[in-house]
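Remarks on the structure that follows.
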Amino acid sequence: MSRKKSQKSRGGGSSSSPATSARNLPPKDGARAGGKSCSPDSEVPVNGVVVPGRPSLSNSAEFYDMAFKVMLVGDSGVGKTCLLVRFKDGAFLAGSFISTVGIDFRNKVLNVDGVKVKLQIWDTAGQERFRSVTHAYYRDAHALLLLYDVTNKTSFDNIQAWLTEIHEYAQQDVVVMLLGNKVDSTHERVVKREEGEKLAKEYGVPFMETSAKTGLNVDLAFMAIGKELKHRSMKLPNEPKFKLHEYVRKEVKGSGCCKS
Ligand SMILES: Nc1nc2c(ncn2[C@@H]2O[C@H](COP(=O)(O)OP(=O)(O)OP(=O)(O)O)[C@@H](O)[C@H]2O)c(=O)[nH]1
């Protein structure tokens, strides 16, 4: 599958403008990027967790102890690619919006309490026409970051439909986190933080507002997922149970504050 993006106007929704150009993305780990090898590292899934048989090298040539698959989902234009690029490269892809075609992944190894946790992060296309492609990837996902755009009410209204889709296609115990992105756009905001919080509470999922532009809460979102997955898979006898909701509540920063 190609990871080229088709250019389209801003404003979200699921229009399907024809492809005109590819975005000048930084190099990616995913196989679909520039003809690099597509197969993830030689890892053996054990109880759904990808555990290397020996200290392993990831695509990004970093050792890790355990690996998990994380998917970014949500309407087209909510900022999934930008969130991933911010997390992976610490950069923001400003300029014209070029929509993802299909699906692609990038790796990042996090140090979670002394354990090297590799997140293989799949960036999906939000456009309706790619839905059947992304459905196939839900099954293997350990965590899903579900995004809406705080400046786009439709993307927020569609969260319910995304959750229904997740319940239909993902594993029952998949970790889901709701993210309200683009909080830097204060003047264009149409979805209040309280609305996001209420919806997340209704569905029992952790919630935070993020900005791929400023970096607000971006590292935190992935670290929270990494911590939850690591604790689930290790379950050390003397270790207190990790409480994802509590961790997020404690660590999250408000949009008026600082960078993550
Ligand atoms: N102000 C602001 N703009 C953002 C932010 N994140 C993304 N954008 C902009 O929103 C547009 C869409 O971002 P993408 O990351 O391509 O959106 P996407 O969810 O990957 O879209 P699809 O690939 O179509 O699914 C781009 O013009 C970005 O520059 C953010 O945090 N703040």
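Residues are referred to by chain and number: the chain letter is A, B, ... according to the order shown in the structure tokens, the number counts from 1 in that chain, and ligands are numbered separately from 1 in the order shown.
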
At a cut-off of 7 Å and counting only C-alpha atoms and all ligand atoms, what residues surround ligand 1? Please answer as an NGL selection string. :A and (10 or 74-83 or 93-101 or 124-127 or 181-185 or 210-214)

Based on the selection just made, write C-alpha atoms of those residues as a compact mmCIF listing (two decimals), in the first residue's frame.
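The resulting part23.txt:
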# COMPACT_ATOMS: atom_id res chain seq x y z
CA ARG A 10 -8.64 21.96 5.14
CA GLY A 74 -10.23 9.44 13.68
CA ASP A 75 -11.71 11.56 10.91
CA SER A 76 -9.64 12.89 8.06
CA GLY A 77 -7.81 16.09 9.00
CA VAL A 78 -7.91 15.74 12.79
CA GLY A 79 -4.11 15.62 12.92
CA LYS A 80 -3.13 11.94 13.18
CA THR A 81 -0.08 12.21 10.94
CA CYS A 82 1.01 15.46 12.60
CA LEU A 83 0.66 13.91 16.05
CA LEU A 93 4.05 19.55 9.53
CA ALA A 94 2.67 22.99 8.77
CA GLY A 95 1.30 23.99 5.41
CA SER A 96 -1.28 22.51 3.11
CA PHE A 97 -3.12 19.45 4.31
CA ILE A 98 -2.21 16.29 2.41
CA SER A 99 -4.43 13.41 3.33
CA THR A 100 -3.03 9.96 4.16
CA VAL A 101 -3.61 7.21 1.66
CA THR A 124 -4.37 5.34 9.32
CA ALA A 125 -6.21 7.27 6.64
CA GLY A 126 -9.26 8.98 8.07
CA GLN A 127 -11.10 9.15 4.78
CA ASN A 181 -6.31 17.74 19.06
CA LYS A 182 -5.47 21.28 17.82
CA VAL A 183 -6.04 23.02 21.16
CA ASP A 184 -3.56 25.67 20.08
CA SER A 185 -6.30 26.99 17.77
CA THR A 210 -3.34 17.76 22.59
CA SER A 211 -1.64 19.97 20.07
CA ALA A 212 0.60 18.46 17.42
CA LYS A 213 1.57 22.04 16.64
CA THR A 214 2.92 23.02 20.05

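With CA of Val191 in chain A on one side and CA of Leu178 in chain A on the other, the separation reads 13.5 Å.
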
Which residues in range 70-119 of chain A does DSSP call helix (DSSP H, G or I)? List them as a list in words.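 Result set for range 70-119 of chain A (helix (DSSP H, G or I)): Lys80, Thr81, Cys82, Leu83, Leu84, Val85, Arg86, Phe87, Lys88 and Asp89 of chain A.
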
Closest of A:Asp149, A:Glu228, A:Asp113, A:Glu195 to Met177 in chain A - atom-to-atom distances counting only C-alpha atoms: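 So, comparing all the options, the nearest one is A:Glu228.
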
Distance criterion (only C-alpha atoms): nearest to Lys153 in chain A out of A:Lys192, A:Lys235, A:His245, A:Lys88: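 With only C-alpha atoms as the atom set, the closest residue is A:Lys192.
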
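Straight-line separation from CA of Ala67 in chain A to CA of Lys253 in chain A: 27.1 Å.
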
Mind listing the strand (DSSP E or B) residues of range 152-240 of chain A, per DSSP on the backbone, as a ChimeraX atom specification? /A:175-181,207-209

Using N, CA and C atoms, can you write the selected residues to a file as a PDB file, in the first residue's frame?
ATOM      1  N   VAL A 175      -6.539  -1.007  24.542  1.00  0.00           N
ATOM      2  CA  VAL A 175      -6.515   0.249  25.308  1.00  0.00           C
ATOM      3  C   VAL A 175      -6.952   1.374  24.372  1.00  0.00           C
ATOM      4  N   VAL A 176      -7.953   2.132  24.782  1.00  0.00           N
ATOM      5  CA  VAL A 176      -8.425   3.241  23.947  1.00  0.00           C
ATOM      6  C   VAL A 176      -8.246   4.548  24.713  1.00  0.00           C
ATOM      7  N   MET A 177      -7.725   5.544  24.022  1.00  0.00           N
ATOM      8  CA  MET A 177      -7.619   6.871  24.639  1.00  0.00           C
ATOM      9  C   MET A 177      -8.185   7.908  23.673  1.00  0.00           C
ATOM     10  N   LEU A 178      -8.986   8.824  24.205  1.00  0.00           N
ATOM     11  CA  LEU A 178      -9.589   9.871  23.371  1.00  0.00           C
ATOM     12  C   LEU A 178      -8.737  11.132  23.434  1.00  0.00           C
ATOM     13  N   LEU A 179      -8.410  11.681  22.269  1.00  0.00           N
ATOM     14  CA  LEU A 179      -7.602  12.903  22.221  1.00  0.00           C
ATOM     15  C   LEU A 179      -8.330  13.999  21.434  1.00  0.00           C
ATOM     16  N   GLY A 180      -8.459  15.163  22.053  1.00  0.00           N
ATOM     17  CA  GLY A 180      -9.002  16.336  21.364  1.00  0.00           C
ATOM     18  C   GLY A 180      -7.816  17.158  20.876  1.00  0.00           C
ATOM     19  N   ASN A 181      -7.531  17.112  19.592  1.00  0.00           N
ATOM     20  CA  ASN A 181      -6.313  17.743  19.058  1.00  0.00           C
ATOM     21  C   ASN A 181      -6.569  19.177  18.570  1.00  0.00           C
ATOM     22  N   PHE A 207      -8.889  10.602  28.687  1.00  0.00           N
ATOM     23  CA  PHE A 207      -9.020  11.700  27.728  1.00  0.00           C
ATOM     24  C   PHE A 207      -7.977  12.765  27.996  1.00  0.00           C
ATOM     25  N   MET A 208      -7.470  13.353  26.932  1.00  0.00           N
ATOM     26  CA  MET A 208      -6.673  14.575  27.084  1.00  0.00           C
ATOM     27  C   MET A 208      -6.762  15.396  25.808  1.00  0.00           C
ATOM     28  N   GLU A 209      -6.489  16.678  25.967  1.00  0.00           N
ATOM     29  CA  GLU A 209      -6.415  17.549  24.797  1.00  0.00           C
ATOM     30  C   GLU A 209      -4.952  17.682  24.397  1.00  0.00           C
TER      31      GLU A 209
END

Might you pull out every residue within 8 Å of Gln120 in chain A, with only C-alpha atoms counted and same-chain residues fewer than 4 positions away left off, and present them as a ChimeraX atom specification? /A:67-70,105-108

To one decimal place in Å, what is the distance between CA of Glu128 in chain A and CA of Gln172 in chain A? 23.5 Å

List as an MDAnalysis selection string the protein and nucleic acid residues near Pro240 in chain A, meaning an atom at most 12 Å away when only C-alpha atoms are counted, but skip any in the same chain fewer than 6 places from it. chainID A and resid 231:232 234

Using only C-alpha atoms, the shortest atom-to-atom distance to Asp104 in chain A among A:Glu239, A:Glu246, A:Asp123, A:Asp65 belongs to A:Asp123
